[in-house]
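J.: For reference, this is input36.pdb, and it has PDB, C-alpha atoms and all ligand atoms.
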MODEL        1
ATOM      1  CA  MET A   1     -53.878  59.405 -13.423
ATOM      2  CA  SER A   2     -52.364  56.164 -14.589
ATOM      3  CA  ALA A   3     -51.391  57.649 -17.952
ATOM      4  CA  ASN A   4     -48.679  59.537 -16.093
ATOM      5  CA  ALA A   5     -47.810  56.701 -13.771
ATOM      6  CA  SER A   6     -44.282  55.509 -13.563
ATOM      7  CA  PHE A   7     -43.210  51.944 -13.219
ATOM      8  CA  ALA A   8     -41.472  51.017 -10.043
ATOM      9  CA  GLY A   9     -39.076  48.600 -11.651
ATOM     10  CA  SER A  10     -39.256  45.980  -8.957
ATOM     11  CA  VAL A  11     -36.927  43.690 -10.812
ATOM     12  CA  SER A  12     -35.267  43.773 -14.145
ATOM     13  CA  THR A  13     -33.240  41.364 -16.207
ATOM     14  CA  ALA A  14     -30.643  39.330 -14.395
ATOM     15  CA  ASP A  15     -28.017  41.116 -16.479
ATOM     16  CA  THR A  16     -28.738  44.427 -14.839
ATOM     17  CA  VAL A  17     -29.939  43.480 -11.352
ATOM     18  CA  SER A  18     -28.227  40.917  -9.197
ATOM     19  CA  ALA A  19     -30.256  38.494  -7.127
ATOM     20  CA  SER A  20     -29.204  40.150  -3.904
ATOM     21  CA  ASN A  21     -30.560  43.597  -4.730
ATOM     22  CA  ALA A  22     -33.306  42.676  -7.137
ATOM     23  CA  THR A  23     -36.036  43.198  -4.559
ATOM     24  CA  ALA A  24     -35.267  46.866  -4.095
ATOM     25  CA  PHE A  25     -37.952  49.024  -5.670
ATOM     26  CA  LYS A  26     -36.698  51.781  -7.865
ATOM     27  CA  GLN A  27     -38.621  54.525  -9.604
ATOM     28  CA  THR A  28     -37.771  54.429 -13.274
ATOM     29  CA  GLY A  29     -39.958  57.354 -14.276
ATOM     30  CA  GLU A  30     -40.906  55.461 -17.408
ATOM     31  CA  SER A  31     -44.038  56.703 -19.133
ATOM     32  CA  LEU A  32     -46.958  54.361 -19.637
ATOM     33  CA  ALA A  33     -47.830  55.912 -22.972
ATOM     34  CA  THR A  34     -48.100  52.575 -24.704
ATOM     35  CA  SER A  35     -50.151  50.828 -22.017
ATOM     36  CA  SER A  36     -52.059  53.492 -20.113
ATOM     37  CA  GLU A  37     -53.974  51.102 -17.869
ATOM     38  CA  ALA A  38     -51.224  48.517 -17.375
ATOM     39  CA  HIS A  39     -50.500  47.879 -13.724
ATOM     40  CA  VAL A  40     -48.378  44.729 -13.641
ATOM     41  CA  ILE A  41     -46.319  43.503 -16.585
ATOM     42  CA  ALA A  42     -44.401  40.219 -16.442
ATOM     43  CA  SER A  43     -42.141  39.438 -19.386
ATOM     44  CA  ASP A  44     -40.653  35.972 -19.665
ATOM     45  CA  VAL A  45     -40.102  35.671 -15.906
ATOM     46  CA  VAL A  46     -37.969  32.718 -14.839
ATOM     47  CA  LYS A  47     -37.198  31.771 -11.239
ATOM     48  CA  ARG A  48     -34.685  29.080 -10.355
ATOM     49  CA  PHE A  49     -33.956  28.124  -6.759
ATOM     50  CA  PRO A  50     -30.539  26.604  -6.158
ATOM     51  CA  GLY A  51     -30.828  22.919  -5.307
ATOM     52  CA  SER A  52     -29.051  21.208  -2.442
ATOM     53  CA  ILE A  53     -27.154  18.986  -4.881
ATOM     54  CA  LYS A  54     -24.954  20.464  -7.612
ATOM     55  CA  ASN A  55     -26.813  21.166 -10.884
ATOM     56  CA  SER A  56     -30.178  20.378  -9.320
ATOM     57  CA  ASP A  57     -31.781  23.808  -9.433
ATOM     58  CA  VAL A  58     -35.556  23.908  -8.994
ATOM     59  CA  VAL A  59     -37.187  25.808 -11.846
ATOM     60  CA  ALA A  60     -40.133  27.263  -9.951
ATOM     61  CA  ILE A  61     -41.343  29.522 -12.770
ATOM     62  CA  ASP A  62     -40.432  29.267 -16.425
ATOM     63  CA  GLY A  63     -41.208  31.956 -18.981
ATOM     64  CA  VAL A  64     -44.220  33.612 -17.355
ATOM     65  CA  SER A  65     -45.580  36.617 -19.275
ATOM     66  CA  PHE A  66     -48.767  38.579 -18.690
ATOM     67  CA  GLN A  67     -50.102  42.088 -18.386
ATOM     68  CA  LEU A  68     -52.711  43.039 -15.788
ATOM     69  CA  SER A  69     -54.794  46.183 -16.020
ATOM     70  CA  ARG A  70     -55.402  48.594 -13.194
ATOM     71  CA  ARG A  71     -58.628  48.124 -11.209
ATOM     72  CA  THR A  72     -59.050  44.475 -12.196
ATOM     73  CA  PHE A  73     -59.356  41.381 -10.002
ATOM     74  CA  THR A  74     -57.186  38.521 -11.244
ATOM     75  CA  SER A  75     -56.970  35.077  -9.690
ATOM     76  CA  ILE A  76     -54.200  32.563 -10.200
ATOM     77  CA  VAL A  77     -55.036  28.865  -9.909
ATOM     78  CA  GLY A  78     -52.735  25.907 -10.415
ATOM     79  CA  PRO A  79     -51.520  22.679  -8.829
ATOM     80  CA  SER A  80     -49.536  22.712  -5.612
ATOM     81  CA  GLY A  81     -45.894  23.599  -6.203
ATOM     82  CA  CYS A  82     -46.437  25.221  -9.622
ATOM     83  CA  GLY A  83     -44.949  28.527  -8.427
ATOM     84  CA  LYS A  84     -47.970  30.655  -7.492
ATOM     85  CA  THR A  85     -46.555  31.937  -4.197
ATOM     86  CA  THR A  86     -43.143  32.457  -5.776
ATOM     87  CA  LEU A  87     -44.722  34.569  -8.526
ATOM     88  CA  LEU A  88     -46.689  36.620  -6.010
ATOM     89  CA  ARG A  89     -43.586  37.190  -3.894
ATOM     90  CA  ILE A  90     -41.692  38.366  -6.987
ATOM     91  CA  ILE A  91     -44.523  40.813  -7.765
ATOM     92  CA  ALA A  92     -44.424  41.980  -4.121
ATOM     93  CA  GLY A  93     -40.681  42.574  -4.398
ATOM     94  CA  LEU A  94     -40.010  39.990  -1.675
ATOM     95  CA  GLU A  95     -38.218  37.607  -4.026
ATOM     96  CA  SER A  96     -35.783  38.168  -6.861
ATOM     97  CA  LEU A  97     -36.234  36.664 -10.302
ATOM     98  CA  THR A  98     -33.565  34.803 -12.229
ATOM     99  CA  THR A  99     -34.220  36.175 -15.729
ATOM    100  CA  GLY A 100     -36.957  38.179 -17.388
ATOM    101  CA  GLU A 101     -38.606  41.362 -16.246
ATOM    102  CA  LEU A 102     -41.381  42.258 -13.838
ATOM    103  CA  ARG A 103     -42.708  45.783 -13.649
ATOM    104  CA  VAL A 104     -45.297  47.222 -11.291
ATOM    105  CA  ALA A 105     -46.676  50.686 -11.975
ATOM    106  CA  HIS A 106     -46.841  53.165  -9.118
ATOM    107  CA  ALA A 107     -49.306  55.897 -10.022
ATOM    108  CA  ASP A 108     -49.634  57.614  -6.644
ATOM    109  CA  VAL A 109     -46.487  57.574  -4.549
ATOM    110  CA  SER A 110     -48.445  58.690  -1.466
ATOM    111  CA  ARG A 111     -50.017  55.215  -1.452
ATOM    112  CA  PRO A 112     -48.138  51.949  -0.808
ATOM    113  CA  ILE A 113     -47.185  50.181  -4.029
ATOM    114  CA  ASN A 114     -48.622  46.909  -2.687
ATOM    115  CA  THR A 115     -49.719  44.993   0.395
ATOM    116  CA  MET A 116     -49.751  41.235   0.824
ATOM    117  CA  VAL A 117     -52.304  39.104   2.689
ATOM    118  CA  PHE A 118     -51.138  35.601   3.536
ATOM    119  CA  GLN A 119     -52.979  32.346   4.148
ATOM    120  CA  GLU A 120     -51.686  32.191   7.680
ATOM    121  CA  GLN A 121     -52.852  35.081   9.788
ATOM    122  CA  SER A 122     -50.909  38.194   9.016
ATOM    123  CA  ILE A 123     -52.042  40.131  12.074
ATOM    124  CA  PHE A 124     -50.103  40.778  15.270
ATOM    125  CA  PRO A 125     -51.406  38.684  18.195
ATOM    126  CA  TRP A 126     -50.285  41.276  20.750
ATOM    127  CA  MET A 127     -52.383  44.037  19.190
ATOM    128  CA  THR A 128     -56.141  44.555  19.370
ATOM    129  CA  VAL A 129     -58.254  44.507  16.210
ATOM    130  CA  ARG A 130     -58.187  48.303  16.038
ATOM    131  CA  GLN A 131     -54.437  48.490  16.673
ATOM    132  CA  ASN A 132     -53.884  45.941  13.903
ATOM    133  CA  ILE A 133     -56.029  47.899  11.456
ATOM    134  CA  GLU A 134     -54.230  51.126  12.349
ATOM    135  CA  TYR A 135     -50.747  49.607  12.263
ATOM    136  CA  GLY A 136     -49.905  50.447   8.624
ATOM    137  CA  LEU A 137     -51.344  53.935   9.018
ATOM    138  CA  GLN A 138     -49.161  54.499  12.062
ATOM    139  CA  VAL A 139     -46.093  53.362  10.125
ATOM    140  CA  LEU A 140     -47.038  55.832   7.390
ATOM    141  CA  GLY A 141     -47.174  58.609   9.992
ATOM    142  CA  HIS A 142     -50.933  59.246  10.117
ATOM    143  CA  GLY A 143     -52.083  61.051  13.270
ATOM    144  CA  ARG A 144     -54.326  59.607  15.959
ATOM    145  CA  THR A 145     -57.554  61.225  14.720
ATOM    146  CA  ALA A 146     -57.020  60.190  11.101
ATOM    147  CA  ARG A 147     -56.180  56.655  12.216
ATOM    148  CA  LYS A 148     -59.296  56.399  14.361
ATOM    149  CA  GLN A 149     -61.479  57.667  11.528
ATOM    150  CA  GLU A 150     -59.970  55.178   9.103
ATOM    151  CA  SER A 151     -60.177  52.224  11.493
ATOM    152  CA  ASP A 152     -63.821  53.061  12.328
ATOM    153  CA  PHE A 153     -64.562  52.976   8.598
ATOM    154  CA  TRP A 154     -62.872  49.609   8.095
ATOM    155  CA  LEU A 155     -64.285  48.049  11.265
ATOM    156  CA  SER A 156     -67.710  48.774   9.835
ATOM    157  CA  LYS A 157     -66.804  47.576   6.307
ATOM    158  CA  VAL A 158     -65.592  44.184   7.492
ATOM    159  CA  GLY A 159     -68.310  43.747  10.131
ATOM    160  CA  LEU A 160     -66.116  43.948  13.246
ATOM    161  CA  ILE A 161     -67.853  46.758  15.128
ATOM    162  CA  GLY A 162     -67.912  45.732  18.790
ATOM    163  CA  PHE A 163     -64.671  43.740  18.486
ATOM    164  CA  GLU A 164     -62.271  46.657  18.123
ATOM    165  CA  ASN A 165     -60.674  46.025  21.528
ATOM    166  CA  SER A 166     -60.461  42.241  21.145
ATOM    167  CA  TYR A 167     -57.163  40.426  20.739
ATOM    168  CA  PRO A 168     -56.725  37.945  17.839
ATOM    169  CA  ALA A 169     -56.603  34.933  20.190
ATOM    170  CA  THR A 170     -60.237  35.577  21.114
ATOM    171  CA  LEU A 171     -61.455  35.829  17.481
ATOM    172  CA  SER A 172     -62.682  33.171  15.044
ATOM    173  CA  GLY A 173     -60.588  32.382  11.947
ATOM    174  CA  GLY A 174     -62.980  34.389   9.772
ATOM    175  CA  MET A 175     -62.764  37.400  12.072
ATOM    176  CA  LYS A 176     -58.969  37.242  11.997
ATOM    177  CA  GLN A 177     -59.028  37.255   8.201
ATOM    178  CA  ARG A 178     -61.465  40.192   8.245
ATOM    179  CA  THR A 179     -59.006  42.043  10.470
ATOM    180  CA  SER A 180     -56.206  41.150   8.098
ATOM    181  CA  LEU A 181     -58.215  42.392   5.114
ATOM    182  CA  ALA A 182     -59.084  45.653   6.872
ATOM    183  CA  ARG A 183     -55.477  46.168   7.908
ATOM    184  CA  SER A 184     -54.294  45.643   4.327
ATOM    185  CA  LEU A 185     -56.865  47.948   2.780
ATOM    186  CA  ALA A 186     -56.634  50.739   5.368
ATOM    187  CA  THR A 187     -53.400  52.056   3.846
ATOM    188  CA  LYS A 188     -55.051  52.097   0.381
ATOM    189  CA  PRO A 189     -52.380  50.086  -1.443
ATOM    190  CA  GLU A 190     -52.460  50.351  -5.220
ATOM    191  CA  LEU A 191     -52.062  46.602  -5.533
ATOM    192  CA  LEU A 192     -53.431  43.989  -3.125
ATOM    193  CA  LEU A 193     -51.684  40.600  -3.274
ATOM    194  CA  MET A 194     -53.582  37.766  -1.591
ATOM    195  CA  ASP A 195     -52.120  34.268  -1.167
ATOM    196  CA  GLU A 196     -54.929  31.814  -0.345
ATOM    197  CA  PRO A 197     -56.343  34.178   2.283
ATOM    198  CA  PHE A 198     -59.508  32.146   2.934
ATOM    199  CA  ALA A 199     -58.044  28.644   2.734
ATOM    200  CA  ALA A 200     -57.990  28.006   6.475
ATOM    201  CA  VAL A 201     -61.645  28.752   7.247
ATOM    202  CA  ASP A 202     -64.763  26.572   6.947
ATOM    203  CA  GLU A 203     -66.893  26.709   3.787
ATOM    204  CA  GLN A 204     -69.665  28.848   5.266
ATOM    205  CA  THR A 205     -67.203  31.435   6.598
ATOM    206  CA  ARG A 206     -65.392  31.346   3.285
ATOM    207  CA  LEU A 207     -68.553  32.234   1.358
ATOM    208  CA  THR A 208     -69.255  35.075   3.786
ATOM    209  CA  LEU A 209     -65.695  36.366   3.364
ATOM    210  CA  GLN A 210     -66.038  36.135  -0.423
ATOM    211  CA  ASN A 211     -69.203  38.225  -0.274
ATOM    212  CA  ALA A 212     -67.476  40.754   1.999
ATOM    213  CA  LEU A 213     -64.548  40.993  -0.416
ATOM    214  CA  LEU A 214     -66.897  41.326  -3.424
ATOM    215  CA  LYS A 215     -68.666  44.229  -1.764
ATOM    216  CA  ILE A 216     -65.457  45.962  -0.682
ATOM    217  CA  TRP A 217     -63.939  45.462  -4.111
ATOM    218  CA  ASP A 218     -66.955  47.041  -5.806
ATOM    219  CA  GLU A 219     -66.338  50.113  -3.681
ATOM    220  CA  THR A 220     -62.537  50.295  -3.891
ATOM    221  CA  ARG A 221     -61.658  48.720  -7.265
ATOM    222  CA  THR A 222     -58.140  48.127  -5.991
ATOM    223  CA  THR A 223     -56.097  46.001  -8.381
ATOM    224  CA  VAL A 224     -56.033  42.524  -6.798
ATOM    225  CA  ILE A 225     -54.020  39.398  -7.535
ATOM    226  CA  PHE A 226     -55.565  36.508  -5.620
ATOM    227  CA  ILE A 227     -54.168  32.990  -5.336
ATOM    228  CA  THR A 228     -56.569  30.169  -4.598
ATOM    229  CA  HIS A 229     -56.918  26.415  -4.979
ATOM    230  CA  SER A 230     -60.668  26.815  -5.306
ATOM    231  CA  ILE A 231     -61.945  27.198  -8.872
ATOM    232  CA  GLU A 232     -65.310  28.295  -7.434
ATOM    233  CA  GLU A 233     -63.654  31.041  -5.411
ATOM    234  CA  ALA A 234     -61.682  32.256  -8.447
ATOM    235  CA  LEU A 235     -64.847  32.312 -10.586
ATOM    236  CA  THR A 236     -66.789  34.152  -7.894
ATOM    237  CA  LEU A 237     -64.291  36.936  -7.338
ATOM    238  CA  SER A 238     -62.395  37.498 -10.570
ATOM    239  CA  ASP A 239     -62.470  39.428 -13.797
ATOM    240  CA  GLU A 240     -59.797  37.103 -15.105
ATOM    241  CA  ILE A 241     -58.248  33.788 -14.115
ATOM    242  CA  LEU A 242     -54.688  32.801 -14.954
ATOM    243  CA  ILE A 243     -54.233  29.029 -14.960
ATOM    244  CA  MET A 244     -50.745  27.764 -14.162
ATOM    245  CA  GLY A 245     -49.321  24.369 -15.035
ATOM    246  CA  ALA A 246     -46.636  22.569 -13.057
ATOM    247  CA  ARG A 247     -43.044  21.513 -13.602
ATOM    248  CA  PRO A 248     -42.006  24.014 -14.631
ATOM    249  CA  GLY A 249     -44.568  26.613 -13.595
ATOM    250  CA  ARG A 250     -46.065  28.420 -16.576
ATOM    251  CA  ILE A 251     -49.287  30.103 -17.466
ATOM    252  CA  ILE A 252     -51.220  27.687 -19.637
ATOM    253  CA  ASP A 253     -54.474  29.616 -20.065
ATOM    254  CA  ARG A 254     -56.121  32.919 -19.297
ATOM    255  CA  ILE A 255     -59.891  33.100 -18.948
ATOM    256  CA  SER A 256     -62.104  36.202 -18.807
ATOM    257  CA  ILE A 257     -65.000  35.905 -16.369
ATOM    258  CA  PRO A 258     -68.158  37.447 -17.812
ATOM    259  CA  PHE A 259     -70.358  37.683 -14.680
ATOM    260  CA  GLU A 260     -71.716  41.148 -14.038
ATOM    261  CA  ARG A 261     -71.122  42.964 -10.769
ATOM    262  CA  PRO A 262     -72.340  43.327  -8.117
ATOM    263  CA  ARG A 263     -72.123  39.578  -7.553
ATOM    264  CA  ASP A 264     -73.322  37.283  -4.822
ATOM    265  CA  ALA A 265     -71.204  34.235  -4.012
ATOM    266  CA  ILE A 266     -74.231  31.942  -3.582
ATOM    267  CA  GLU A 267     -76.385  33.193  -6.444
ATOM    268  CA  LEU A 268     -73.506  32.882  -8.902
ATOM    269  CA  ARG A 269     -73.353  29.155  -8.268
ATOM    270  CA  THR A 270     -76.847  28.749  -9.710
ATOM    271  CA  ASN A 271     -75.749  30.276 -13.033
ATOM    272  CA  PRO A 272     -75.300  27.504 -15.655
ATOM    273  CA  LEU A 273     -72.259  29.357 -17.038
ATOM    274  CA  PHE A 274     -70.621  28.994 -13.609
ATOM    275  CA  GLY A 275     -70.746  25.192 -14.000
ATOM    276  CA  GLU A 276     -69.493  25.365 -17.584
ATOM    277  CA  LEU A 277     -66.526  27.529 -16.662
ATOM    278  CA  MET A 278     -65.763  25.293 -13.692
ATOM    279  CA  MET A 279     -65.557  22.283 -15.992
ATOM    280  CA  ARG A 280     -63.418  24.152 -18.490
ATOM    281  CA  ILE A 281     -60.910  25.219 -15.819
ATOM    282  CA  TRP A 282     -60.972  21.811 -14.147
ATOM    283  CA  ASN A 283     -60.181  20.102 -17.481
ATOM    284  CA  LYS A 284     -57.245  22.451 -17.997
ATOM    285  CA  LEU A 285     -55.961  21.866 -14.473
ATOM    286  CA  SER A 286     -56.296  18.110 -14.644
ATOM    287  CA  HIS A 287     -53.966  18.113 -17.658
ATOM    288  CA  ALA A 288     -51.584  20.504 -15.917
ATOM    289  CA  LEU A 289     -50.235  18.114 -13.273
TER
HETATM  290  N1  LIG B 301     -37.105  29.390  -0.894
HETATM  291  C1  LIG B 301     -37.139  28.322  -1.690
HETATM  292  N2  LIG B 301     -36.032  27.562  -1.890
HETATM  293  C2  LIG B 301     -36.039  26.499  -2.714
HETATM  294  N3  LIG B 301     -37.130  26.094  -3.408
HETATM  295  C3  LIG B 301     -38.251  26.801  -3.255
HETATM  296  C4  LIG B 301     -38.325  27.940  -2.389
HETATM  297  N4  LIG B 301     -39.597  28.456  -2.434
HETATM  298  C5  LIG B 301     -40.279  27.661  -3.294
HETATM  299  N5  LIG B 301     -39.476  26.684  -3.775
HETATM  300  C6  LIG B 301     -39.859  25.663  -4.751
HETATM  301  O1  LIG B 301     -40.462  26.312  -5.865
HETATM  302  C7  LIG B 301     -41.578  25.562  -6.331
HETATM  303  C8  LIG B 301     -42.814  26.459  -6.304
HETATM  304  O2  LIG B 301     -43.170  26.747  -4.945
HETATM  305  P1  LIG B 301     -44.395  27.687  -4.572
HETATM  306  O3  LIG B 301     -44.442  27.785  -3.100
HETATM  307  O4  LIG B 301     -44.285  28.927  -5.349
HETATM  308  O5  LIG B 301     -45.626  26.835  -5.124
HETATM  309  P2  LIG B 301     -47.191  27.086  -4.973
HETATM  310  O6  LIG B 301     -47.766  26.998  -6.335
HETATM  311  O7  LIG B 301     -47.434  28.324  -4.212
HETATM  312  O8  LIG B 301     -47.655  25.824  -4.127
HETATM  313  P3  LIG B 301     -48.894  25.665  -3.097
HETATM  314  O9  LIG B 301     -50.128  25.655  -3.947
HETATM  315  O10 LIG B 301     -48.646  24.327  -2.465
HETATM  316  O11 LIG B 301     -48.839  26.806  -2.134
HETATM  317  C9  LIG B 301     -41.671  24.323  -5.454
HETATM  318  O12 LIG B 301     -41.027  23.259  -6.109
HETATM  319  C10 LIG B 301     -40.906  24.712  -4.206
HETATM  320  O13 LIG B 301     -40.321  23.601  -3.604
HETATM  321 MG    MG B 302     -48.352  28.744  -2.347
ENDMDL
END
Could you write out this file's structure as structure tokens?
Ligand SMILES: Nc1ncnc2c1ncn2[C@@H]1O[C@H](COP(=O)(O)OP(=O)(O)OP(=O)(O)O)[C@@H](O)[C@H]1O
Ligand SMILES: [Mg+2]
T.:
Amino acid sequence: MSANASFAGSVSTADTVSASNATAFKQTGESLATSSEAHVIASDVVKRFPGSIKNSDVVAIDGVSFQLSRRTFTSIVGPSGCGKTTLLRIIAGLESLTTGELRVAHADVSRPINTMVFQEQSIFPWMTVRQNIEYGLQVLGHGRTARKQESDFWLSKVGLIGFENSYPATLSGGMKQRTSLARSLATKPELLLMDEPFAAVDEQTRLTLQNALLKIWDETRTTVIFITHSIEEALTLSDEILIMGARPGRIIDRISIPFERPRDAIELRTNPLFGELMMRIWNKLSHAL
């Protein structure tokens, strides 16, 4: 499937795409013959935000290059302000880049190219849990029966059976994030972009959400890019961790996570290698400030 995928050239070099239209996705029809499983390719991406004073541009990202394979879970960790959200927004097509190139493959045009889950709740407060989960499907034109079938499936997957008619204001933070996760996955995006989705919940809820995501990911194998400040969370969930350094934001290391799946968020923490990797990443990060 992916061997015939085309890249949706989300953004190209600044020479060919101006900042104002750089977020428009465009099918390039380019073959992936040289990188059959590549899903996201960043080449020397630079993002400068204009400063309020003349010549005081903020270089949010400087020379970021990486290639992510389809069906992998990648986390990005790095100090506050190093450009993680900016990078994710560029990948999502919500932000332009200044120079460099960012390409996202789109293998199945009947599926959304990506969906983003934010730290703050990305569900509509005026809709019930079920209506939220079905929202994207409705936008895509799915009929009532198909929507109901899909939302039933996701309500069960995220453990919200019995709460389908509840409004977000009556849910706990963890339940809201479960709704958000179900809503994002219901449309079967090829790429799921998550920006600190579990940062606002307590530790116990966070571990439960990590286990829920691990289980769902084992079943879906959607390509995920996940931003977190928690090294433990990145180690628990990921196949790979990209470590970013600050000022300017760059990728300073890339670590493969060897833990077999299925994984359990608690059990993993008893693995001596978990502690070793934590120290290794922490040492990198402490020199990255
Ligand atoms: N719209 C914007 N206009 C100007 N500067 C911006 C804008 N968005 C981000 N920046 C700047 O770009 C840099 C990177 O910001 P970004 O939000 O990507 O960091 P981050 O790594 O996600 O931080 P955190 O971990 O705190 O969420 C910061 O210096 C920030 O002030
Ligand atoms: Mg951020």
J.: If you apply the PyMOL selection byres (((chain A and resi 110) around 12) and not hetatm) to this file, what residues do you get, as number ranges by chain?
T.: A: 106-109, 111-114, 137, 140-142, 187-190
J.: What lies within 8 Å of stretch 67-82 of chain A using only C-alpha atoms, ignoring chain neighbours under 4 positions off, as an NGL selection string?
T.: :A and (37-42 or 60-61 or 221-231 or 234 or 237-250 or 285 or 288-289)
J.: Evaluating the PyMOL selection byres (((chain A and resi 205-215) around 8) and not hetatm) on the displayed file yields which residues, as a compact mmCIF listing (two decimals) with C-alpha atoms, keeping the file's coordinate frame?
T.:
# COMPACT_ATOMS: atom_id res chain seq x y z
CA VAL A 158 -65.59 44.18 7.49
CA GLY A 174 -62.98 34.39 9.77
CA ARG A 178 -61.46 40.19 8.24
CA PHE A 198 -59.51 32.15 2.93
CA ALA A 199 -58.04 28.64 2.73
CA VAL A 201 -61.64 28.75 7.25
CA ASP A 202 -64.76 26.57 6.95
CA GLU A 203 -66.89 26.71 3.79
CA GLN A 204 -69.67 28.85 5.27
CA ILE A 216 -65.46 45.96 -0.68
CA TRP A 217 -63.94 45.46 -4.11
CA ASP A 218 -66.96 47.04 -5.81
CA GLU A 219 -66.34 50.11 -3.68
CA GLU A 233 -63.65 31.04 -5.41
CA THR A 236 -66.79 34.15 -7.89
CA LEU A 237 -64.29 36.94 -7.34
CA PRO A 262 -72.34 43.33 -8.12
CA ARG A 263 -72.12 39.58 -7.55
CA ASP A 264 -73.32 37.28 -4.82
CA ALA A 265 -71.20 34.24 -4.01
CA ILE A 266 -74.23 31.94 -3.58
J.: Record the distance separating atom CA of A:Asn55 and atom N4 of ligand LIG 301 (chain B), expressed in Å with one decimal.
T.: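 Computed distance, atom CA of A:Asn55 to atom N4 of ligand LIG 301 (chain B), equals 17.0 Å.
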J.: Given all atoms listed in the file as the basis, pick out the residue of A:Val117, A:Val46, A:Leu87, A:Leu191 nearest to ligand LIG 301 (chain B).
T.: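 Using all atoms listed in the file, the shortest distance to ligand LIG 301 (chain B) belongs to A:Leu87.
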J.: Calculated over only C-alpha atoms and all ligand atoms, which of the candidates A:Met116, A:Ile123, A:Ala169, A:Leu88 has the smallest distance to ligand LIG 301 (chain B)?
T.: A:Leu88
J.: How many Å lie between atom P3 of ligand LIG 301 (chain B) and atom CA of A:Lys84, rounded to one decimal?
T.: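 The value is 6.7 Å.
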J.: Point out the residue among A:Glu232, A:Glu134, A:Glu196, A:Glu120 with the least atom-to-atom distance to ligand LIG 301 (chain B), counting only C-alpha atoms and all ligand atoms.
T.: A:Glu196
J.: Under the rule that only C-alpha atoms and all ligand atoms are counted, which of A:Gly162, A:Gly83, A:Gly275, A:Pro258 is the nearest residue to ligand MG 302 (chain B)?
T.: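 Nearest candidate to ligand MG 302 (chain B) out of A:Gly162, A:Gly83, A:Gly275, A:Pro258: A:Gly83.
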J.: Would you compute the distance between atom CA of A:Gln119 and atom CA of A:Gln131? Give it in Å to one decimal.
T.: 20.5 Å
J.: If the PyMOL selection byres (((chain A and resi 98) around 7) and not hetatm) is run on the structure shown, which residues does it catch, given as a list in words?
T.: Ala14, Val46, Lys47, Arg48, Ser96, Leu97 and Thr99 of chain A
J.: Under the rule that all atoms listed in the file are counted, which of A:Pro272, A:Pro197, A:Gly159, A:Gly100 is the nearest residue to ligand LIG 301 (chain B)?
T.: A:Pro197
J.: Calculated over all atoms listed in the file, which of the candidates A:Arg183, A:Lys148, A:Lys157, A:Arg269 has the smallest distance to A:Thr115?
T.: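 Looking only at the distances to A:Thr115, the closest residue turns out to be A:Arg183.
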